[in-house]
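**Q** Before I ask anything, let me first share the structure, which is written out below as structure tokens.
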Amino acid sequence: MRAHRGIALALGLPWLLTFGLFWAFPMVYSLFMGFTDHQLLAKSFQWVGLDNYRALFRDPDFVSSLKNTFVFVLGTIPFTTVLSLAMALLVNRQFRGRGLFRAGYFLPSITSLVVISLIFTNLYSRGGYVALLAHVIGLTPPENGFLYDSGTALYAIMAMDVWMAVGYYMLIFLAGLKAIPEELYEAAEINGASPLRQFVSITLPMLRPVTLFIVVINSIKSFQIFTEMFVMTKGKFDTATTVYFIYDTGLTTQFKFGYASAAAYALFAIIGLFSLAQFILFRRRQEYSW
Amino acid sequence: MQKLLILIVTAVLTQSVARATTTLEWWQFWTDPDSRPTIQAIVDDFEKANPDIKVNITDLTWANGQEKIVIAFASGTGPDVVELGSDWIAQFAANGQLADISQRVIADSGNFQGWGLATYDGKVFGRPWILGTRVLFANEDLMRKAGYDTSFLPYNWPQLEQAAINIRHLGKDYYGWGSNTAEKHRLYKKFLPFFWSNGAQFFTDDNRYSIISSMKAIDALKFYKKLHDSAGFVGDQRSIEDAFLDGKIGFIISGDWLLKRIEVEKRKIDFKSGPIPGPKYPGKSFLGGEFLSINQASKNHDAALKFIAFVTSPENQLRFCKANRSANPSSLLAQQDPYFTGNPHLQAFIKQIKSAEHPPVDPHWVVIEDELEKAIEDALFGSRLPAQALRNAQTRITQARAKQ
């Protein structure tokens, strides 16, 4: 028994060391750094308690990045969820070429985010395709392109993100749809329920756990959006998000590790609260089960 | 006995050779095909002239080189000699990471330009090597179409503004002025020529207070915004240069890399270059550059000093600039070479360097630059008036500098 425990420890050690060194220690140490005035180039740092956190919520840049992040999250989640469900319902039917549509919808999700960002930078530029479309339908696009205008830049990136994300969540909804017993629809049909009633009373309730999953992971991902801003706008034109703020403060402009760590943990807490609120909201009603 | 004697002699010789060789680590940024072989050749020549010193080159990129340098110095593993952009020197010097070479460069003080960029707290922390500035580029064809005599460029603000507007009115695809979008590290360098030309300053003469929102600064930003609004082609630096080379923009501010690009791409464009306009002629421009600094923690200060003096000597600067084709020497002697005096465009840069100013050498420069850039962005693209944007920047710069 004792020998087995030793062997078990020995076999688990490589993973434990890797986990401890590259995940657990950084997590704990950065929490500690959030309470210091650590700056990479400075010779020493000292404990400052909650000063970093107080300064954060007085920092116009951090507050602005939070606002942009919330606009991004609250603006993309509904569209992504509704569109991916709609697409899942469409490709859930039997029709010729269904596999092709499914693959096509999913393709953006497996394309490099940087590549997509660069392509959309061109689409959104002055004289780009989106500006051309705007002219065709009688609208006046921003003179310098959608990404060089504070009024449109964030929304342009949001639209791109919805386009990228729906395919992935469509697949998850598809899995959820296939898990709904066919008997329920047959019984409803026999009792004269219309397709709309079937959707509202059977499909939506049965998809609630899947919807919760999608909304939560999409929210967590969206709160941490960074690459699009880095490639397309460098955080300018009111597009700096919280992770971009952390990157800029901690890693490029000022190397303020302590302050950036505090910002990271503030974001962590906000994401945690947001997810908790979603769980509470979605679990309010009784779960259906056999 | 004989074997023992041979062994002892061998050991002594080996030890002598090992003890006589000094190794310098040099981190540098010139990795492009035109420059890198010349860097190696200069190092090879130095090693020939100094057989007891060996130099190891590490190449950095502009994308992540600064971060590597910061991390290396923070962890105590920095190189003996490092190339630094001029706006990085103060931050490293303030933390005691660079060697003070003031006493060793007094003899050279009158032979090179750019010392001010490497001087922090009254001490010199680097040798000026390559200097960079910006000049006005004009499309002569568009100037003629707008009715202007191309034998001279606009030399004050009203002339520049009027010429830019007239070119803008040539057609919807023509613009008078290349106006940078909110581009980090670039936008402020296009505004500062107007700021300094108008006599504005970052700080009071005693360096204590920020006065970035003085009336002179506000007027400069108002003028810059007027150019942007009335004649501006807004884009990043690359697209502005593309449009200029395509004959769409009348005036842009750019650097010597544009000359190299015109040459490399064999662009047929009728253009002129000259000093940036200002209330007084010639206007002022932005001055930056590359400096060679010595790590305070290095054990090879003397060898490092010898090395950086060699690399920055007039002949080696000239050699490097000819190979690179988009660099200006800090050496006054190199600047007088026919390579520069015989080319009107290169000469425009040499002349502009003499009336260029550099940003304050301040360890908080990264914050100052950031706040200035935000102020310009707010004025050009946001809803703030220039005066309010600059006042906000001044407040935040003052707060940042107060945190020591």
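So you can find residues: chains in the structure tokens are A, B, ... in the order shown, residues in each start at 1, and ligands are numbered from 1 in order.
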May I have the residues of chain A within 9 Å of chain B, counting only C-alpha atoms, written as a PyMOL selection string?
**A** chain A and resi 40-43+143-144+148-150+233-234+236-237+251-255
**Q** Write out, as an mmCIF file, in the first residue's frame, the residues just selected, with N, CA and C atoms.
**A**
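Final output, saved to out05.cif:
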```
data_model
loop_
_atom_site.group_PDB
_atom_site.id
_atom_site.type_symbol
_atom_site.label_atom_id
_atom_site.label_comp_id
_atom_site.auth_asym_id
_atom_site.auth_seq_id
_atom_site.Cartn_x
_atom_site.Cartn_y
_atom_site.Cartn_z
ATOM 1 N N LEU A 40 8.325 46.473 -13.448
ATOM 2 C CA LEU A 40 9.401 45.564 -13.842
ATOM 3 C C LEU A 40 10.785 46.190 -13.750
ATOM 4 N N LEU A 41 10.916 47.461 -14.134
ATOM 5 C CA LEU A 41 12.243 48.063 -14.168
ATOM 6 C C LEU A 41 12.695 48.597 -12.814
ATOM 7 N N ALA A 42 11.768 48.745 -11.891
ATOM 8 C CA ALA A 42 12.137 49.300 -10.589
ATOM 9 C C ALA A 42 12.951 48.278 -9.803
ATOM 10 N N LYS A 43 13.814 48.775 -8.927
ATOM 11 C CA LYS A 43 14.682 47.868 -8.185
ATOM 12 C C LYS A 43 13.936 47.096 -7.114
ATOM 13 N N GLU A 143 -16.116 58.562 -43.283
ATOM 14 C CA GLU A 143 -15.214 58.937 -44.370
ATOM 15 C C GLU A 143 -13.899 58.173 -44.333
ATOM 16 N N ASN A 144 -13.401 57.913 -43.120
ATOM 17 C CA ASN A 144 -12.097 57.271 -42.999
ATOM 18 C C ASN A 144 -12.181 55.772 -42.783
ATOM 19 N N TYR A 148 -11.788 53.626 -38.183
ATOM 20 C CA TYR A 148 -11.153 54.885 -37.803
ATOM 21 C C TYR A 148 -12.198 55.887 -37.324
ATOM 22 N N ASP A 149 -13.272 55.391 -36.738
ATOM 23 C CA ASP A 149 -14.330 56.277 -36.254
ATOM 24 C C ASP A 149 -14.805 55.740 -34.910
ATOM 25 N N SER A 150 -14.751 56.582 -33.889
ATOM 26 C CA SER A 150 -15.130 56.129 -32.552
ATOM 27 C C SER A 150 -16.575 55.665 -32.490
ATOM 28 N N THR A 233 -7.301 47.751 -34.334
ATOM 29 C CA THR A 233 -7.361 49.150 -33.915
ATOM 30 C C THR A 233 -6.324 49.536 -32.876
ATOM 31 N N LYS A 234 -5.554 48.569 -32.373
ATOM 32 C CA LYS A 234 -4.585 48.846 -31.311
ATOM 33 C C LYS A 234 -5.245 49.564 -30.132
ATOM 34 N N LYS A 236 -7.447 51.797 -30.110
ATOM 35 C CA LYS A 236 -7.847 53.185 -30.352
ATOM 36 C C LYS A 236 -9.314 53.265 -30.744
ATOM 37 N N PHE A 237 -9.802 54.494 -30.893
ATOM 38 C CA PHE A 237 -11.185 54.744 -31.322
ATOM 39 C C PHE A 237 -12.185 54.053 -30.404
ATOM 40 N N LEU A 251 2.472 45.115 -20.030
ATOM 41 C CA LEU A 251 3.443 44.446 -20.880
ATOM 42 C C LEU A 251 4.080 45.303 -21.952
ATOM 43 N N THR A 252 3.530 46.455 -22.256
ATOM 44 C CA THR A 252 4.185 47.213 -23.322
ATOM 45 C C THR A 252 4.513 48.640 -22.939
ATOM 46 N N THR A 253 3.557 49.359 -22.410
ATOM 47 C CA THR A 253 3.809 50.776 -22.205
ATOM 48 C C THR A 253 4.560 51.052 -20.913
ATOM 49 N N GLN A 254 4.074 50.491 -19.813
ATOM 50 C CA GLN A 254 4.618 50.902 -18.530
ATOM 51 C C GLN A 254 5.201 49.771 -17.699
ATOM 52 N N PHE A 255 4.976 48.546 -18.073
ATOM 53 C CA PHE A 255 5.471 47.388 -17.329
ATOM 54 C C PHE A 255 5.081 47.464 -15.854
#
```
**Q** Residues at most 12 Å from Ser35 in chain B, counting only C-alpha atoms, excluding those fewer than 3 positions away in the same chain, as a ChimeraX atom specification?
**A** /B:28-32,38-42,59,317,319-327
**Q** Extract, using only C-alpha atoms, all DNA, RNA and protein residues at most 7 Å from Gly255 in chain B, discarding same-chain residues fewer than 4 positions from it, and format them as a PyMOL selection string.
**A** chain B and resi 133-135
**Q** Near Leu154 in chain A, counting only C-alpha atoms, which residues have an atom at most 12 Å away, once you skip same-chain residues fewer than 4 positions from it, shown as JSON, numbers by chain?
**A** {"A": [65, 67, 68, 69, 70, 71, 72, 73, 75, 76, 124, 146, 147, 148, 149, 150, 158, 159, 160, 161, 225, 228, 229, 232, 233, 234, 235, 236, 237, 238, 239, 240, 241]}
**Q** Quick one: everything within 7 Å of Lys272 in chain B, counting only C-alpha atoms, minus sequence neighbours fewer than 2 positions away in the same chain. Send it as a count of residues only.
**A** 5
**Q** So which residues of range 92-255 of chain A fall under helix (DSSP H, G or I) by DSSP, listed as a ChimeraX atom specification?
**A** /A:98-110,113-123,129-136,146-148,153-178,182-190,195-206,208-223,227-232,242-252
**Q** Smallest atom-to-atom distance to Asp59 in chain A: which of A:Leu90, A:Phe245, A:Val82, A:Gln46, using only C-alpha atoms?
**A**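 That would be A:Phe245, the residue with the smallest distance to Asp59 in chain A.
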